[in-house]
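Shown next: start.pdb, given as PDB, C-alpha atoms.
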MODEL        1
ATOM      1  CA  MET A   1     -17.171 -10.059  34.231
ATOM      2  CA  SER A   2     -17.935 -11.550  30.855
ATOM      3  CA  GLY A   3     -20.879  -9.105  30.395
ATOM      4  CA  GLN A   4     -18.609  -6.123  31.071
ATOM      5  CA  SER A   5     -15.893  -7.495  28.786
ATOM      6  CA  SER A   6     -18.434  -8.092  26.019
ATOM      7  CA  ARG A   7     -19.742  -4.515  26.333
ATOM      8  CA  ARG A   8     -16.210  -3.105  25.993
ATOM      9  CA  THR A   9     -15.644  -5.202  22.872
ATOM     10  CA  VAL A  10     -18.860  -3.872  21.317
ATOM     11  CA  LEU A  11     -17.944  -0.259  22.185
ATOM     12  CA  LYS A  12     -14.427  -0.670  20.745
ATOM     13  CA  GLY A  13     -15.889  -2.170  17.580
ATOM     14  CA  ALA A  14     -18.324   0.755  17.220
ATOM     15  CA  ALA A  15     -15.497   3.269  17.673
ATOM     16  CA  LEU A  16     -13.376   1.513  15.039
ATOM     17  CA  ALA A  17     -16.301   1.387  12.614
ATOM     18  CA  GLY A  18     -16.836   5.139  13.098
ATOM     19  CA  ALA A  19     -13.161   5.843  12.403
ATOM     20  CA  ALA A  20     -13.271   3.662   9.293
ATOM     21  CA  GLY A  21     -16.303   5.618   8.103
ATOM     22  CA  LEU A  22     -14.317   8.847   8.352
ATOM     23  CA  GLY A  23     -11.640   7.331   6.137
ATOM     24  CA  VAL A  24     -14.219   6.441   3.505
ATOM     25  CA  ALA A  25     -15.706   9.954   3.659
ATOM     26  CA  ALA A  26     -12.260  11.467   3.096
ATOM     27  CA  CYS A  27     -12.065   9.617  -0.215
ATOM     28  CA  SER A  28     -15.631  10.342  -1.284
ATOM     29  CA  THR A  29     -16.489  10.599  -4.963
ATOM     30  CA  GLU A  30     -18.833  13.461  -4.073
ATOM     31  CA  SER A  31     -15.870  15.821  -3.670
ATOM     32  CA  LYS A  32     -15.871  18.715  -6.133
ATOM     33  CA  LEU A  33     -12.273  19.820  -5.572
ATOM     34  CA  GLY A  34     -10.959  16.945  -3.502
ATOM     35  CA  HIS A  35      -8.280  18.107  -1.137
ATOM     36  CA  ALA A  36      -7.254  20.898  -3.498
ATOM     37  CA  GLU A  37      -7.516  24.124  -1.553
ATOM     38  CA  VAL A  38      -6.773  26.314  -4.568
ATOM     39  CA  PRO A  39      -6.831  24.225  -7.761
ATOM     40  CA  THR A  40      -6.233  27.186 -10.094
ATOM     41  CA  PRO A  41      -3.583  29.922 -10.076
ATOM     42  CA  THR A  42      -4.371  33.035  -8.039
ATOM     43  CA  ALA A  43      -1.889  35.140 -10.052
ATOM     44  CA  PRO A  44      -0.605  35.005 -13.647
ATOM     45  CA  VAL A  45       1.791  32.130 -14.330
ATOM     46  CA  SER A  46       4.284  32.186 -17.218
ATOM     47  CA  LEU A  47       4.432  28.772 -18.884
ATOM     48  CA  GLY A  48       6.981  29.268 -21.644
ATOM     49  CA  ALA A  49       6.885  29.349 -25.421
ATOM     50  CA  PRO A  50       3.509  28.608 -27.032
ATOM     51  CA  ASP A  51       5.116  26.263 -29.579
ATOM     52  CA  GLU A  52       5.912  23.840 -26.727
ATOM     53  CA  VAL A  53       2.209  22.854 -26.897
ATOM     54  CA  PRO A  54       1.655  20.778 -30.050
ATOM     55  CA  VAL A  55      -1.249  21.729 -32.341
ATOM     56  CA  GLY A  56      -3.962  19.127 -31.738
ATOM     57  CA  GLY A  57      -2.240  18.032 -28.536
ATOM     58  CA  ALA A  58      -1.566  19.155 -25.006
ATOM     59  CA  LYS A  59       1.243  19.735 -22.546
ATOM     60  CA  LEU A  60       1.235  19.073 -18.820
ATOM     61  CA  TYR A  61       2.870  21.744 -16.656
ATOM     62  CA  ARG A  62       3.002  19.587 -13.533
ATOM     63  CA  GLU A  63       4.946  22.032 -11.365
ATOM     64  CA  GLN A  64       2.410  24.796 -12.106
ATOM     65  CA  ARG A  65      -0.499  22.313 -11.787
ATOM     66  CA  LEU A  66      -1.814  23.204 -15.270
ATOM     67  CA  VAL A  67      -2.478  21.443 -18.549
ATOM     68  CA  VAL A  68      -2.707  23.402 -21.817
ATOM     69  CA  SER A  69      -4.132  22.152 -25.110
ATOM     70  CA  CYS A  70      -3.855  23.685 -28.576
ATOM     71  CA  PRO A  71      -6.933  22.789 -30.664
ATOM     72  CA  ALA A  72      -5.714  24.915 -33.616
ATOM     73  CA  GLU A  73      -2.690  27.064 -34.423
ATOM     74  CA  GLY A  74      -2.638  30.049 -32.040
ATOM     75  CA  GLN A  75      -5.594  28.813 -29.920
ATOM     76  CA  TYR A  76      -5.022  27.576 -26.373
ATOM     77  CA  LYS A  77      -7.173  26.181 -23.568
ATOM     78  CA  ALA A  78      -5.906  25.654 -20.054
ATOM     79  CA  PHE A  79      -7.255  23.654 -17.141
ATOM     80  CA  SER A  80      -6.168  22.886 -13.620
ATOM     81  CA  ALA A  81      -4.116  19.680 -13.594
ATOM     82  CA  GLN A  82      -5.313  18.928 -10.078
ATOM     83  CA  CYS A  83      -7.765  16.009  -9.948
ATOM     84  CA  THR A  84     -11.226  17.018  -8.774
ATOM     85  CA  HIS A  85     -11.563  13.823  -6.737
ATOM     86  CA  ALA A  86      -8.725  13.952  -4.213
ATOM     87  CA  GLY A  87      -6.565  16.841  -5.385
ATOM     88  CA  CYS A  88      -3.638  14.842  -6.787
ATOM     89  CA  VAL A  89      -1.771  16.418  -9.687
ATOM     90  CA  LEU A  90      -2.064  14.617 -13.018
ATOM     91  CA  ASP A  91       1.117  12.709 -13.831
ATOM     92  CA  LYS A  92       0.894  12.331 -17.607
ATOM     93  CA  VAL A  93      -1.077  13.154 -20.744
ATOM     94  CA  GLU A  94      -1.496  10.518 -23.451
ATOM     95  CA  GLU A  95      -3.718  11.041 -26.494
ATOM     96  CA  ASN A  96      -5.260  14.128 -24.853
ATOM     97  CA  GLU A  97      -6.228  12.201 -21.708
ATOM     98  CA  GLY A  98      -4.794  13.278 -18.387
ATOM     99  CA  ASN A  99      -4.149  10.572 -15.814
ATOM    100  CA  CYS A 100      -4.483  10.919 -12.046
ATOM    101  CA  PRO A 101      -1.925   8.611 -10.402
ATOM    102  CA  CYS A 102      -3.789   8.403  -7.082
ATOM    103  CA  HIS A 103      -7.079   6.694  -7.953
ATOM    104  CA  GLY A 104      -7.033   6.320 -11.750
ATOM    105  CA  SER A 105      -9.352   9.162 -12.769
ATOM    106  CA  ARG A 106      -8.930  10.253 -16.394
ATOM    107  CA  PHE A 107      -9.753  13.630 -17.932
ATOM    108  CA  ASP A 108     -10.137  14.974 -21.469
ATOM    109  CA  VAL A 109      -7.496  17.728 -21.361
ATOM    110  CA  THR A 110      -9.116  19.566 -24.286
ATOM    111  CA  THR A 111     -12.424  20.054 -22.421
ATOM    112  CA  GLY A 112     -11.610  19.269 -18.784
ATOM    113  CA  LYS A 113     -14.363  16.608 -18.727
ATOM    114  CA  ALA A 114     -13.958  13.670 -16.336
ATOM    115  CA  LEU A 115     -13.802  10.527 -18.488
ATOM    116  CA  ARG A 116     -13.261   7.879 -15.800
ATOM    117  CA  GLY A 117     -13.887   7.991 -12.064
ATOM    118  CA  PRO A 118     -13.794   8.188  -9.254
ATOM    119  CA  ALA A 119     -13.708  11.877 -10.303
ATOM    120  CA  THR A 120     -17.033  13.069 -11.715
ATOM    121  CA  VAL A 121     -16.438  16.816 -11.817
ATOM    122  CA  PRO A 122     -14.511  18.402 -14.724
ATOM    123  CA  LEU A 123     -11.150  20.111 -14.288
ATOM    124  CA  PRO A 124     -11.615  23.860 -13.698
ATOM    125  CA  GLU A 125     -10.817  25.973 -16.767
ATOM    126  CA  VAL A 126      -8.072  28.578 -16.408
ATOM    127  CA  PRO A 127      -7.768  31.673 -18.627
ATOM    128  CA  VAL A 128      -4.699  31.534 -20.885
ATOM    129  CA  ARG A 129      -3.237  33.831 -23.535
ATOM    130  CA  VAL A 130      -0.027  34.533 -25.415
ATOM    131  CA  GLU A 131       1.757  37.607 -24.107
ATOM    132  CA  GLY A 132       5.218  38.743 -25.155
ATOM    133  CA  GLY A 133       5.853  35.446 -26.933
ATOM    134  CA  ARG A 134       4.975  33.369 -23.845
ATOM    135  CA  LEU A 135       1.911  31.502 -22.625
ATOM    136  CA  VAL A 136       0.490  33.128 -19.515
ATOM    137  CA  ALA A 137      -2.253  31.447 -17.487
ATOM    138  CA  GLY A 138      -4.212  32.668 -14.499
ATOM    139  CA  PRO A 139      -6.852  35.189 -13.486
ATOM    140  CA  GLU A 140      -5.416  38.210 -15.298
ATOM    141  CA  ALA A 141      -4.782  36.227 -18.498
ATOM    142  CA  ALA A 142      -8.440  36.798 -19.460
ATOM    143  CA  GLU A 143      -7.864  40.539 -19.682
ATOM    144  CA  THR A 144      -6.834  41.994 -23.005
ATOM    145  CA  PRO A 145      -3.311  43.380 -23.052
ATOM    146  CA  LYS A 146      -2.994  47.139 -22.758
ATOM    147  CA  ALA A 147      -1.464  48.812 -25.800
TER
ENDMDL
END
Show me the file's structure as structure tokens.
Amino acid sequence: MSGQSSRRTVLKGAALAGAAGLGVAACSTESKLGHAEVPTPTAPVSLGAPDEVPVGGAKLYREQRLVVSCPAEGQYKAFSAQCTHAGCVLDKVEENEGNCPCHGSRFDVTTGKALRGPATVPLPEVPVRVEGGRLVAGPEAAETPKA
């Protein structure tokens, strides 16, 4: 009986090790978009007045999952605020660095570049423009307004 009991113990241990391996794979640093199914807007998103984004700084639009920087007066760059490691939304921006609260990844919100892992892939850029006195981000924001 001890041989049969020992075999069951080995099989249970192998099954648990396999399950643990799946957990590690789910949090892999190889992920390009993490668990983010759609990390960028699929339609234009109105973000509010452009002057809410400080020149030389950035503003996090957490609800819209976007971060917008203003390198110079009237110039704007937008990126997804969804971490490229596990898909968590950035929780704050300090000194133009976005912080992921889930695993500590940090991003340069003026370029999207991953500064600290586990994320290694930059934040996806999102087209943004000023339209009717408001910042608009998303796929159609790259088009020039019709006169």
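Nearest to Gly87 (chain A) of all the residues A:Thr42, A:Thr110, A:Ser105, A:Ser69 is A:Ser105, based on only C-alpha atoms.
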**Asked** Expanded to explicit residues, what is the PyMOL selection byres ((chain A and resi 82) around 10) for this file, as a PyMOL selection string?
**Response** chain A and resi 33-36+38-40+62+64-67+79-81+83-91+100+123-124
**Request:** I need the residue set behind the PyMOL selection byres ((chain A and resi 118) around 8) for this file; please write it as JSON, numbers by chain.
**Result:** {"A": [29, 85, 103, 104, 105, 116, 117, 119, 120]}
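Rounded to one decimal, CA of Gln75 (chain A) and CA of Pro101 (chain A) lie 28.3 Å from each other.
The gap separating CA of Glu94 (chain A) from CA of Leu60 (chain A) is 10.1 Å, in Å to one decimal.
Candidate residues A:Gly74, A:Val93, A:Gly133, A:Gly112 were compared for distance to Tyr61 (chain A), and the nearest is A:Val93, using only C-alpha atoms.
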**Asked** Taking into account all atoms listed in the file, which residue in the set A:Pro71, A:Pro122, A:Gly98, A:Gly132 is nearest to Gly48 (chain A)?
**Response** A:Gly132
**Request:** Find, counting all atoms listed in the file, the residue in A:Val121, A:Cys102, A:Ala137, A:Leu115 that gets nearest to Tyr76 (chain A).
**Result:** A:Ala137
**Asked** Distance CA of Gly138 (chain A)-CA of Glu63 (chain A), one decimal place?
**Response** 14.4 Å
**Shell around Val55 (chain A) at 7 Å using only C-alpha atoms, local window under 2 positions removed, as a VMD selection string** = chain A and resid 53 57 70 to 73
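Residues matching the PyMOL selection byres ((chain A and resi 43) around 8) in this structure come to A:Pro41, A:Thr42, A:Pro44, A:Val45, A:Gly138, A:Pro139, A:Glu140.
Across A:Lys92, A:Lys113, A:Lys59, A:Arg106, the tightest approach to Leu47 (chain A) is made by A:Lys59 when counting all atoms listed in the file.
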